[in-house]
Structures are given as structure tokens and as C-alpha cells.
Amino acid sequence: MTLDKRIIIVEDDKPLLASVVKYLTLDGYEVTGVSTAHEFYQLLFAESYSVAIIDVGLPDQNGLVLTEYVRNNTSMRIIMFTARASIDDQIAGQQAGADIYLVKPVDFRQLSASIATLLSRLAGPPLPFKTEKPQHWRLFVTHWALETPQGERILLTAKELDFLTLLVATPNAVVSRLALLNKLGYLNNESGSHSLQSLINRLRQKIEFHNTPSPIQTSHSVGYLFKDDITIE
């Protein structure tokens with residue numbers, strides 16, 4: 001079984017866990033199911049997976065914390081399971097790093113389709129070799145990655161990718177805050193503005209971690225722009 005078919009799910013509702021594992025296995029995936037964050041961490045240190053399905057309400061750790069760990073320390077794509085359907089809860093899941101947020105009861109067909117969507121982004125031709133000489137920025141849409149002019153690769157969440165795609169679609173032009181809120185699915189209120197700012201801050205931190213100044217520039221009271229040359233591949 002190839003890595004892109006390997007899935008790990010952590011869900012404390014054991015009948016639901018068994019049902020999901022059975023369905024996805026019949027759908028052609030290699031699925032490992034656990035019911036606690038502790039078990040999840042143990043397997044994460046020993047094995048490799050392409051997709052993690054994480055329940056928010058775990059008995060030994062909040063699923064949001066677990067999601068943040070996976071996002072910050074692995075290249076796995078993340079689907080979040082939860083019974084919490086409010087906008088604030090969905091925003092919290094996105095801020096933690098979830099690529100897809102599914103509200104229980106989950107339709108298994110929708111879950112399988114979501115996994116296929118995430119894996120399709122990881123499939124396709126491999127990323128080009130890292131650049132040896134400094135050049136412009138590169139955004140790899142299929143692989144959800146941003147490359148710095150020095151050739152360093154930065155893995156992106158779905159929201160980060162969408163944000164960057166919106167910025168670079170209009171080179172050297174400011175994209176309004178309202179347009180970004182609408183396109184990214186955030187409400188035009190304090191909560192939505194906080195989510196947008198959190199996304200931008202997280203992305204800037206990822207870039208600056210590689211000792212590279214962030215090209216994401218704020219146009220105060222207007223919006224944001226990507227101030228350097230970039231190609232989309």
C-alpha cells in the first residue's frame with residue numbers, strides 16, 4: 001500500500017470509529033484507527049500517513065491541540081470531525097490547521113470525497129528540485145507549497161493557499177480586506193477579521209522562520225498585497 005493511501009483516524013466513539021475504518025478500507029484505503037490522543041502520538045512517531053482524521057472531543061486532549069501539533073510537525077492533510085457546528089467552532093478548527101471541517105453525523109461518502117480531494121492535491125508530478133541560486137518566489141498550487149527565492153519550501157494549509165492565490169492573482173495590486181473575507185469564507189465582523197489576521201500572522205511566521213522577510217504587505221485600512229515577483233506553477 002502506497003503512502004498516499006494511508007490514513008489515521010482518532011475518534012473516541014468506538015462504534016463510529018469501527019464504521020469509518022470499515023468503510024474507508026472497503027474504499028481502498030489503509031486505515032489505522034485509535035481512540036485517544038496518546039495512541040495517536042505513539043503511532044505518529046512510528047509510522048507515516050498522508051491524511052489524519054481528528055475528532056475534537058477526545059478524552060485525553062482537545063482535538064484542536066492535536067491538530068496544531070500535526071500541522072506544525074508533519075506534512076499530513078487534516079480532516080476534523082466534530083459535533084460542534086457553529087461558525088466560531090469552524091473558525092477555531094481552521095485556525096488550528098484543519099484542511100476540511102466535517103460536522104457529525106458525517107456522511108461517509110462526503111468523507112471519502114474529502115479524502116480524495118486532499119490526496120489529489122498531493123498527487124501529480126513531483127515538485128521540481130529546489131533552486132540552487134536565488135530567484136523569485138514560486139507558488140506550487142497542486143502541492144500546496146510556497147518556495148522562497150532561496151529555494152526553501154513552505155507547506156501550506158488550504159486557507160493559506162487560497163489566501164496566497166488571491167494575492168498573487170493581481171500582481172503588485174492591493175486585494176481588499178472585504179474581498180479576502182468573502183473569498184475565504186470569513187464573516188465581515190470582528191470574529192472574521194480576527195481569523196483573517198491570524199491566518200496572515202501564521203503565514204508570515206512560517207516565511208520568516210526561513211530567515212526570509214515576508215513579502216505579504218499590509219495596506220492599512222485597505223487590504224494586502226504580495227510585493228515581490230512570484231510565479232504560479
# chains A, B, ... in the order shown; residues from 1 in each chain; ligands from 1

$ closest_atom_pairs --of "region 57-87 of chain A" --to "region 138-153 of chain A" --cutoff "12 Å" --atoms "only C-alpha atoms" --output "Markdown table"
| residue | atom | partner | partner_atom | distance |
| --- | --- | --- | --- | --- |
| A:Ser75 | CA | A:Trp144 | CA | 10.1 |
| A:Met76 | CA | A:Trp144 | CA | 11.4 |
| A:Arg77 | CA | A:Trp144 | CA | 10.3 |

$ select_by_dssp --residues "region 90-224 of chain A" --states "strand (DSSP E or B)" --output "list in words"
Ile100, Tyr101, Leu102, Val103, Trp137, Arg138, Leu139, Phe140, Ala145, Leu146, Glu147, Arg153, Ile154, Leu155, Val175, Ser176, Ile216, Gln217, Thr218, Ser219, Gly223 and Tyr224 of chain A

$ atom_distance --atom1 "CA of Asp60 (chain A)" --atom2 "CA of Lys206 (chain A)"
28.7 Å

$ select_by_dssp --residues "region 6-189 of chain A" --states "alpha helix (DSSP H)" --output "number ranges by chain"
A: 14-26, 37-46, 63-73, 87-96, 108-122, 158-168, 177-184

$ closest_atom_pairs --of "region 49-89 of chain A" --to "region 6-15 of chain A" --cutoff "12 Å" --atoms "only C-alpha atoms" --output "JSON lines"
{"residue": "A:Tyr49", "atom": "CA", "partner": "A:Arg6", "partner_atom": "CA", "distance": 5.0}
{"residue": "A:Ser50", "atom": "CA", "partner": "A:Arg6", "partner_atom": "CA", "distance": 5.7}
{"residue": "A:Val51", "atom": "CA", "partner": "A:Ile7", "partner_atom": "CA", "distance": 5.0}
{"residue": "A:Ala52", "atom": "CA", "partner": "A:Ile8", "partner_atom": "CA", "distance": 5.0}
{"residue": "A:Ile53", "atom": "CA", "partner": "A:Ile9", "partner_atom": "CA", "distance": 4.5}
{"residue": "A:Ile54", "atom": "CA", "partner": "A:Val10", "partner_atom": "CA", "distance": 5.2}
{"residue": "A:Asp55", "atom": "CA", "partner": "A:Glu11", "partner_atom": "CA", "distance": 5.2}
{"residue": "A:Val56", "atom": "CA", "partner": "A:Glu11", "partner_atom": "CA", "distance": 8.4}
{"residue": "A:Gly57", "atom": "CA", "partner": "A:Asp12", "partner_atom": "CA", "distance": 7.8}
{"residue": "A:Leu58", "atom": "CA", "partner": "A:Asp12", "partner_atom": "CA", "distance": 6.0}
{"residue": "A:Pro59", "atom": "CA", "partner": "A:Asp12", "partner_atom": "CA", "distance": 7.1}
{"residue": "A:Asp60", "atom": "CA", "partner": "A:Asp12", "partner_atom": "CA", "distance": 9.8}
{"residue": "A:Gln61", "atom": "CA", "partner": "A:Asp12", "partner_atom": "CA", "distance": 11.1}
{"residue": "A:Asn62", "atom": "CA", "partner": "A:Val10", "partner_atom": "CA", "distance": 11.5}
{"residue": "A:Gly63", "atom": "CA", "partner": "A:Val10", "partner_atom": "CA", "distance": 9.0}
{"residue": "A:Leu66", "atom": "CA", "partner": "A:Val10", "partner_atom": "CA", "distance": 10.0}
{"residue": "A:Thr67", "atom": "CA", "partner": "A:Val10", "partner_atom": "CA", "distance": 10.9}
{"residue": "A:Val70", "atom": "CA", "partner": "A:Ile8", "partner_atom": "CA", "distance": 11.7}
{"residue": "A:Met76", "atom": "CA", "partner": "A:Ile7", "partner_atom": "CA", "distance": 9.4}
{"residue": "A:Arg77", "atom": "CA", "partner": "A:Ile7", "partner_atom": "CA", "distance": 9.7}
{"residue": "A:Ile78", "atom": "CA", "partner": "A:Ile9", "partner_atom": "CA", "distance": 9.9}
{"residue": "A:Ile79", "atom": "CA", "partner": "A:Ile9", "partner_atom": "CA", "distance": 9.2}
{"residue": "A:Met80", "atom": "CA", "partner": "A:Ile9", "partner_atom": "CA", "distance": 9.7}
{"residue": "A:Phe81", "atom": "CA", "partner": "A:Glu11", "partner_atom": "CA", "distance": 8.2}
{"residue": "A:Thr82", "atom": "CA", "partner": "A:Glu11", "partner_atom": "CA", "distance": 9.7}
{"residue": "A:Ala83", "atom": "CA", "partner": "A:Asp13", "partner_atom": "CA", "distance": 11.8}

$ write_last_selection --atoms "N, CA and C atoms" --output "CSV table (one decimal), in the first residue's frame"
chain,number,residue,atom,x,y,z
A,49,TYR,N,1.8,8.7,7.5
A,49,TYR,CA,0.4,8.7,6.9
A,49,TYR,C,0.3,10.0,6.0
A,50,SER,N,-0.7,9.9,5.1
A,50,SER,CA,-1.0,11.1,4.3
A,50,SER,C,-2.1,12.0,4.8
A,51,VAL,N,-3.1,11.4,5.5
A,51,VAL,CA,-4.2,12.1,6.0
A,51,VAL,C,-4.5,11.7,7.4
A,52,ALA,N,-4.8,12.7,8.3
A,52,ALA,CA,-5.2,12.5,9.6
A,52,ALA,C,-6.6,12.9,9.8
A,53,ILE,N,-7.5,12.1,10.4
A,53,ILE,CA,-8.9,12.5,10.7
A,53,ILE,C,-9.0,12.6,12.2
A,54,ILE,N,-9.3,13.8,12.7
A,54,ILE,CA,-9.2,14.0,14.1
A,54,ILE,C,-10.5,14.5,14.7
A,55,ASP,N,-10.9,13.8,15.7
A,55,ASP,CA,-12.1,14.2,16.5
A,55,ASP,C,-11.8,15.3,17.4
A,56,VAL,N,-12.6,16.3,17.6
A,56,VAL,CA,-12.3,17.4,18.5
A,56,VAL,C,-12.4,17.0,20.0
A,57,GLY,N,-13.5,16.2,20.3
A,57,GLY,CA,-13.8,15.9,21.7
A,57,GLY,C,-13.1,14.6,22.2
A,58,LEU,N,-11.8,14.6,22.2
A,58,LEU,CA,-11.1,13.4,22.7
A,58,LEU,C,-11.0,13.4,24.2
A,59,PRO,N,-10.9,12.2,24.8
A,59,PRO,CA,-10.9,12.1,26.3
A,59,PRO,C,-9.6,12.6,27.0
A,60,ASP,N,-8.5,12.6,26.3
A,60,ASP,CA,-7.2,13.0,26.9
A,60,ASP,C,-6.6,14.2,26.4
A,61,GLN,N,-7.1,14.8,25.3
A,61,GLN,CA,-6.6,16.0,24.8
A,61,GLN,C,-7.5,16.6,23.8
A,62,ASN,N,-7.7,18.0,23.8
A,62,ASN,CA,-8.5,18.6,22.9
A,62,ASN,C,-8.0,18.4,21.5
A,63,GLY,N,-8.9,18.0,20.6
A,63,GLY,CA,-8.5,17.7,19.2
A,63,GLY,C,-7.9,18.9,18.5
A,66,LEU,N,-4.2,18.8,19.2
A,66,LEU,CA,-3.7,17.7,18.4
A,66,LEU,C,-3.5,18.1,16.9
A,67,THR,N,-4.5,18.8,16.4
A,67,THR,CA,-4.5,19.4,15.1
A,67,THR,C,-3.3,20.3,14.9
A,70,VAL,N,-0.1,18.4,14.6
A,70,VAL,CA,0.1,17.7,13.3
A,70,VAL,C,0.5,18.7,12.2
A,76,MET,N,1.1,16.0,6.8
A,76,MET,CA,-0.2,15.4,6.6
A,76,MET,C,-1.3,16.4,6.4
A,77,ARG,N,-2.3,16.0,5.6
A,77,ARG,CA,-3.5,16.8,5.5
A,77,ARG,C,-4.5,16.4,6.6
A,78,ILE,N,-5.3,17.3,7.0
A,78,ILE,CA,-6.1,17.1,8.2
A,78,ILE,C,-7.6,17.3,8.0
A,79,ILE,N,-8.4,16.3,8.3
A,79,ILE,CA,-9.8,16.5,8.3
A,79,ILE,C,-10.3,16.4,9.8
A,80,MET,N,-11.1,17.4,10.2
A,80,MET,CA,-11.6,17.5,11.6
A,80,MET,C,-13.0,17.0,11.7
A,81,PHE,N,-13.3,16.1,12.6
A,81,PHE,CA,-14.6,15.6,13.0
A,81,PHE,C,-15.1,16.3,14.2
A,82,THR,N,-16.3,16.8,14.2
A,82,THR,CA,-16.8,17.4,15.4
A,82,THR,C,-18.4,17.5,15.4
A,83,ALA,N,-19.0,17.5,16.6
A,83,ALA,CA,-20.4,17.7,16.7
A,83,ALA,C,-20.7,19.2,16.8

$ closest_atom_pairs --of "region 135-221 of chain A" --to "region 95-118 of chain A" --cutoff "8 Å" --atoms "only C-alpha atoms" --output "tab-separated table"
residue	atom	partner	partner_atom	distance
A:Thr157	CA	A:Asp99	CA	6.2
A:Ala158	CA	A:Asp99	CA	5.4
A:Lys159	CA	A:Asp99	CA	7.5
A:Ser195	CA	A:Gln95	CA	7.0
A:Ser198	CA	A:Gln95	CA	7.2
A:Leu199	CA	A:Gln95	CA	6.9

$ atom_distance --atom1 "CA of Ser176 (chain A)" --atom2 "CA of Glu208 (chain A)"
23.6 Å

$ closest_residue --among "A:Ser48, A:Gln94, A:Glu190, A:Lys5" --to "Val31 (chain A)" --atoms "only C-alpha atoms"
A:Lys5

$ closest_residue --among "A:Leu156, A:Asp162, A:Ile232, A:Val168" --to "Asn182 (chain A)" --atoms "only C-alpha atoms"
A:Asp162

$ atom_distance --atom1 "CA of Tyr41 (chain A)" --atom2 "CA of Asp27 (chain A)"
25.3 Å

$ residues_around --residues "Asn172 (chain A)" --least-positions-apart "2" --cutoff "7 Å" --atoms "only C-alpha atoms" --output "short mmCIF file (atom, residue, chain, number, x, y, z; two decimals) with N, CA and C atoms, in the first residue's frame"
data_model
loop_
_atom_site.label_atom_id
_atom_site.label_comp_id
_atom_site.auth_asym_id
_atom_site.auth_seq_id
_atom_site.Cartn_x
_atom_site.Cartn_y
_atom_site.Cartn_z
N THR A 170 -3.41 39.14 -8.69
CA THR A 170 -3.33 40.53 -9.14
C THR A 170 -1.98 41.10 -8.68
N VAL A 174 -3.27 45.82 -4.46
CA VAL A 174 -3.84 45.53 -3.15
C VAL A 174 -5.17 44.79 -3.31
N LEU A 225 -1.15 42.97 -0.13
CA LEU A 225 -0.59 42.63 -1.42
C LEU A 225 0.67 41.80 -1.25
N PHE A 226 1.02 41.07 -2.29
CA PHE A 226 2.27 40.31 -2.36
C PHE A 226 3.25 41.18 -3.12
N LYS A 227 4.27 41.70 -2.44
CA LYS A 227 5.07 42.79 -3.00
C LYS A 227 6.26 42.34 -3.85
#

$ closest_residue --among "A:Leu178, A:Leu167, A:Leu43, A:Leu184" --to "Gln217 (chain A)" --atoms "only C-alpha atoms"
A:Leu167
